[in-house]
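Have a look at the structure below, then the notes.
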Amino acid sequence: MARAQSNRRIAVMTIIGWTIGILMFFPIFWTAVAAFKTESDAYTLPQNFLTTPWTLENFAIVQERSDYVRYVVNTTLIVVLSTALALALAVPAAWSLAFTPVEKPTSRLSGRAWLAIMLGASGACFIVLYVNGWKVSNFFVGFGLLMLVVIPATIWVWTRNTPGTLLWMLSTKMMPPAGALIPIYLIFNRNGLVFADWGIVDLREFNLMDSLWGMVLLMTLLNLPIFIWMLFSYFKEIPVAILEAARMDGASLWNELFRVLMPMALPGIVSTCLLNIILTWNEAFWSLNLTNKNAAPLSFFISEYSSPEGQFWAKLSAASIMAITPILVIGWFSQRQLVRGLTFGAVK
Amino acid sequence: MPSVLVLSGWAFIPLALTFYFAFLSYNLQDPENTGWAGLSNFYYFFKDPFFVKDLINTIVLVVGVIVTTVVGGVFLALLLDQKFWGRGIVRLLVIAPFFIMPTVSSLVWKNLIMHPVFGLTAEIQRFFGEHQPFDWFGRAPLFSVGLIVAWQWLPYAALILLTALQSLDEEQKDAAQMDGANAVNYFWHIVLPHLARPITVVILIETIFILNVFAEIKVTSVGGFAGNLTYLVFSQLNDANDVGMAAAGGLVAVVLANIVSALLVRFVGKNLEA
């Protein structure tokens with residue numbers, strides 16, 4: 001009796017579960033179907049997919065018309081390079097945070113004192129700029145003023161205890177991109193803008209707008225906090241004693257990091273990289289703003305299809321399917337580990 | 001620690017520069033007019049009719065999406081926690097939208113699903129005898145954007161709540177059943193308190209991301225009607241070419257986000273020490 005009931009319960013749950021699963025997945029499925037239709041079938045009413053002939057021509061046309069492969073290469077390059085760069089920066093940072101924690105802030109000044117210093121520095125900048133008529137024509141004056149504010153802030157960060165440093169890193173991730181868009185845009189776009197005429201070097205030669213390296217750097221910076229957080233939480237689980245034993249046996253710092261620590265934390269490192277790959281691959285705000293041709297990644301490429309003069313839905317679908325498939329597979333494989341990174345370690 | 005140095009550069013320099021530009025009258029189309037602008041950037045930014053509308057849009061978007069995703073996420077997590085056939089596959093189907101890039105999902109929703117002539121919803125409406133299918137993006141742009149964003153973030157809430165749910169003690173479950181708790185009581189007194197913490201995390205993190213929703217609005221070209229603050233900053237820079245104004249807007253957005261992130265930092269910080 002009880003068994004029959006529980007079987008019926010399972011059957012009901014199966015129906016509900018599958019219904020919702022299919023509903024959630026439906027837009028993706030619909031896209032996939034449209035990708036295999038011919039362009040005229042995609043507009044034919046009523047829509048159906050059983051009787052229309054299936055075709056692969058959309059995929060070929062997408063490549064032919066707009067050199068799809070180039071966007072894939074750009075995206076892959078940005079993703080791989082920024083992940084590698086972030087990894088190189090994050091491993092030492094997470095290592096030192098996890099194994100040599102600083103209990104107390106090393107500076108004796110309180111947070112309020114630092115705040116006062118920073119406000120004072122900004123005030124000083126304000127006065128200098130005001131006297132100068134809000135024009136910075138000299139490289140050294142501009143740089144010096146910037147440093148006047150940035151250096152105290154940096155020292156403040158350096159002297160935090162370990163939890164403080166970690167939280168500060170997290171907080172950088174929370175700054176809305178809208179707040180950083182203007183300076184980043186102007187720094188990237190140097191053709192005749194503010195940062196071109198600072199005297200000693202002609203920065204116009206190093207225009208970062210729409211360049212692969214600019215995007216790589218930016219993506220690295222964007223994801224570095226999450227990277228350090230996740231690595232930190234994985235390193236935490238490795239007993240310090242093992243590292244100490246290695247050190248006793250005469251392992252150099254290099255060996256300690258690469259022969260002992262990294263192999264032990266390999267699953268963690270891999271899942272961190274996967275999360276980073278997913279986030280970078282799907283990033284849209286900065287790619288839409290800072291690239292347009294040479295360095296444009298896939299998300300930019302897809303957005304081109306929003307233009308009203310070209311409503312090629314079957315092609316749009318084909319391009320979309322190609323763009324999301326790799327990341328969907330990676331995401332499905334790493335869903336367990338993702339939870340940790342997506343909540344900054346708050347839920348395991 | 002080179003990372004700290006790099007990150008400080010990233011965190012402070014743009015902010016300091018934004019601050020600087022915010023007080024400057026600096027328009028790319030008007031190179032003659034430069035110099036000190038005082039607070040006028042802020043004044044005009046606040047006076048801009050788009051500001052109030054976009055601020056309201058932002059709040060509506062954030063609150064609406066969060067309520068939808070949290071309620072739906074709890075429901076989905078409870079469902080996926082049950083035993084049924086093919087649960088693994090259903091879970092994959094449910095979390096899939098989260099991995100779709102925003103530009104793709106907005107275009108797919110706009111053109112294939114919600115299009116007034118060729119879209120799927122139009123089809124369904126016609127099937128039920130409606131001759132004028134509803135034009136989602138024309139008539140209810142904010143709702144449409146919200147729907148897309150909610151579709152993307154529902155899996156996130158579900159995934160995290162599910163993980164939390166699975167850490168609930170089996171023993172506790174059995175004990176509750178032994179005591180004769182019915183399903184509703186069990187849910188209110190055991191499951192929900194257990195989920196309180198992850199729900200808070202979901203709300204805070206989603207707030208940060210949804211405050212910055214940009215691609216969905218840009219790509220579906222409803223920025224004029226359903227733009228949020230991020231979009232307003234973008235359009236000040238790209239359409240009006242007014243750097244000073246955009247910087248002022250950016251600062252407003254930073255202040256808004258800081259209120260939320262201060263809460264999150266405190267919350268995660270507590271967690272870090274425990």
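Residue numbers start at 1 in each chain; chains themselves are named A, B, ... in the order of the structure tokens; ligands are numbered from 1 in the order shown.
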Query raised in the report: Which polymer residues have any atom within 10 Å of an atom of Asn58 (chain A), counting only C-alpha atoms, with same-chain residues fewer than 3 positions away left out, as a VMD selection string?
Result: chain A and resid 34 to 39 55 61 to 64 312 to 319
Report task. Pick out the residues sitting within 8 Å of His194 (chain B), and hand them over as a ChimeraX atom specification; count only C-alpha atoms, and ignore anything fewer than 3 positions along from it in its own chain. Result -> /B:165,168,190-191,197
Would you mind listing what lies within 10 Å of region 9-14 of chain A as a compact mmCIF listing (two decimals) with N, CA and C atoms, in the first residue's frame, with only C-alpha atoms counted and same-chain residues fewer than 4 positions away left out?
```txt
# COMPACT_ATOMS: atom_id res chain seq x y z
N ARG A 3 3.87 1.38 -0.62
CA ARG A 3 4.76 1.40 -1.77
C ARG A 3 4.05 1.94 -3.01
N ALA A 4 2.81 1.48 -3.17
CA ALA A 4 2.04 1.95 -4.31
C ALA A 4 1.87 3.47 -4.24
N GLN A 5 1.59 3.95 -3.03
CA GLN A 5 1.40 5.38 -2.86
C GLN A 5 2.67 6.15 -3.23
N TRP A 18 9.16 17.26 -15.08
CA TRP A 18 9.51 17.34 -16.50
C TRP A 18 8.83 18.52 -17.17
N THR A 19 7.59 18.78 -16.75
CA THR A 19 6.90 19.92 -17.35
C THR A 19 7.68 21.20 -17.12
N ILE A 20 8.08 21.39 -15.86
CA ILE A 20 8.79 22.63 -15.55
C ILE A 20 10.16 22.66 -16.21
N LEU B 79 11.12 21.08 -5.51
CA LEU B 79 10.73 20.09 -6.51
C LEU B 79 11.90 19.18 -6.87
N LEU B 80 13.05 19.81 -7.09
CA LEU B 80 14.21 19.02 -7.52
C LEU B 80 14.77 18.18 -6.39
N GLN B 82 12.83 16.38 -4.54
CA GLN B 82 12.02 15.16 -4.49
C GLN B 82 12.66 14.09 -5.36
N LYS B 83 12.22 12.87 -5.08
CA LYS B 83 12.69 11.79 -5.95
C LYS B 83 11.74 11.67 -7.13
N PHE B 84 12.26 11.68 -8.32
CA PHE B 84 11.42 11.29 -9.47
C PHE B 84 12.32 10.85 -10.61
N TRP B 85 11.68 10.26 -11.61
CA TRP B 85 12.47 9.68 -12.71
C TRP B 85 13.09 10.76 -13.58
N GLY B 86 14.31 10.60 -13.86
CA GLY B 86 14.98 11.56 -14.74
C GLY B 86 15.29 12.88 -14.07
N ARG B 87 15.48 12.84 -12.76
CA ARG B 87 15.70 14.08 -12.03
C ARG B 87 16.97 14.79 -12.48
N VAL B 90 16.31 16.70 -15.66
CA VAL B 90 15.48 17.88 -15.42
C VAL B 90 16.31 18.97 -14.78
```
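Excluding Thr83 (chain A) itself and any same-chain residue fewer than 5 positions from it, the protein and nucleic acid residues within 8 Å of it, counting only C-alpha atoms, are Thr220, Cys273, Asn276 and Ile277 of chain A.
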**Report entry** Selection near Ala323 (chain A), 10 Å with only C-alpha atoms, sequence-local residues under 5 positions removed, as a ChimeraX atom specification
**Finding:** /A:68,71-72,75,281-282,298-299,301-302,317-318,328 /B:100-101,104
Any chance you can output those residues with C-alpha atoms as a compact mmCIF listing (two decimals), in the first residue's frame?
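Produced file result_17.txt, reproduced below:
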```txt
# COMPACT_ATOMS: atom_id res chain seq x y z
CA TYR A 68 32.16 33.67 -37.51
CA TYR A 71 34.72 35.91 -33.20
CA VAL A 72 35.17 32.46 -31.79
CA THR A 75 36.42 34.96 -27.46
CA TRP A 281 32.56 33.99 -22.13
CA ASN A 282 29.20 35.53 -21.34
CA LEU A 298 30.81 36.43 -29.48
CA SER A 299 28.45 38.37 -27.27
CA PHE A 301 28.67 39.46 -32.56
CA ILE A 302 25.25 38.20 -31.48
CA SER A 317 19.55 31.07 -34.05
CA ALA A 318 22.37 29.20 -35.69
CA LEU A 328 26.39 25.12 -21.64
CA ILE B 100 23.27 31.50 -21.84
CA MET B 101 24.95 34.75 -22.70
CA VAL B 104 21.71 35.61 -26.95
```
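Atom to atom, CA of Gly123 (chain A) and CA of Ile155 (chain A) stand 18.3 Å apart.
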Report task. Can you list, as a PyMOL selection string, all residues belonging to region 218-300 of chain A that DSSP tags as helix (DSSP H, G or I)? Result -> chain A and resi 218-235+240-248+253-264+266-282+285-290+298-300
Could you dump the residues just selected with C-alpha atoms as a CSV table (one decimal), in the first residue's frame?
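Result went into out14.csv, see below:
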```csv
chain,number,residue,atom,x,y,z
A,218,LEU,CA,40.0,44.0,-18.2
A,219,MET,CA,38.6,40.5,-17.9
A,220,THR,CA,41.4,39.5,-15.7
A,221,LEU,CA,40.8,42.4,-13.4
A,222,LEU,CA,37.0,41.8,-13.4
A,223,ASN,CA,37.3,38.2,-12.3
A,224,LEU,CA,40.4,38.3,-10.1
A,225,PRO,CA,38.4,38.8,-6.9
A,226,ILE,CA,36.3,35.7,-7.5
A,227,PHE,CA,39.3,33.8,-8.4
A,228,ILE,CA,41.2,34.7,-5.2
A,229,TRP,CA,38.1,34.0,-3.1
A,230,MET,CA,37.5,30.5,-4.5
A,231,LEU,CA,41.2,29.5,-4.4
A,232,PHE,CA,41.4,30.8,-0.9
A,233,SER,CA,38.5,28.7,0.2
A,234,TYR,CA,40.0,25.6,-1.5
A,235,PHE,CA,43.5,26.2,-0.1
A,240,VAL,CA,49.3,23.6,6.8
A,241,ALA,CA,51.3,20.7,8.2
A,242,ILE,CA,51.8,19.2,4.7
A,243,LEU,CA,53.3,22.4,3.4
A,244,GLU,CA,55.5,22.6,6.5
A,245,ALA,CA,56.6,19.1,6.0
A,246,ALA,CA,57.6,19.9,2.4
A,247,ARG,CA,59.5,22.9,3.6
A,248,MET,CA,61.3,20.8,6.2
A,253,LEU,CA,59.2,28.0,-2.6
A,254,TRP,CA,58.7,27.2,-6.2
A,255,ASN,CA,58.5,23.5,-5.5
A,256,GLU,CA,56.3,24.1,-2.5
A,257,LEU,CA,53.8,25.9,-4.7
A,258,PHE,CA,53.9,23.8,-7.8
A,259,ARG,CA,54.8,20.3,-6.6
A,260,VAL,CA,52.8,20.3,-3.4
A,261,LEU,CA,50.1,22.9,-3.2
A,262,MET,CA,48.9,23.0,-6.8
A,263,PRO,CA,48.4,19.2,-7.3
A,264,MET,CA,46.6,19.0,-4.0
A,266,LEU,CA,43.9,20.8,-8.5
A,267,PRO,CA,40.1,20.1,-8.4
A,268,GLY,CA,39.6,23.4,-6.8
A,269,ILE,CA,41.7,25.2,-9.4
A,270,VAL,CA,40.0,23.5,-12.2
A,271,SER,CA,36.5,24.4,-11.0
A,272,THR,CA,37.7,28.0,-10.4
A,273,CYS,CA,39.0,28.2,-13.9
A,274,LEU,CA,35.7,26.8,-15.3
A,275,LEU,CA,33.7,29.4,-13.4
A,276,ASN,CA,36.0,32.1,-14.8
A,277,ILE,CA,35.6,30.8,-18.3
A,278,ILE,CA,31.8,30.9,-18.0
A,279,LEU,CA,31.7,34.4,-16.7
A,280,THR,CA,34.2,35.7,-19.2
A,281,TRP,CA,32.6,34.0,-22.1
A,282,ASN,CA,29.2,35.5,-21.3
A,285,PHE,CA,28.7,45.1,-20.6
A,286,TRP,CA,32.4,45.8,-21.4
A,287,SER,CA,32.5,43.9,-24.7
A,288,LEU,CA,29.5,45.9,-26.0
A,289,ASN,CA,31.1,49.2,-24.9
A,290,LEU,CA,34.8,48.7,-25.7
A,298,LEU,CA,30.8,36.4,-29.5
A,299,SER,CA,28.4,38.4,-27.3
A,300,PHE,CA,29.1,41.4,-29.4
```
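Distance annotation: of A:Val33, A:Leu89, A:Ala124, A:Val80, the residue with the minimal separation from chain B is A:Leu89; atom set is only C-alpha atoms.
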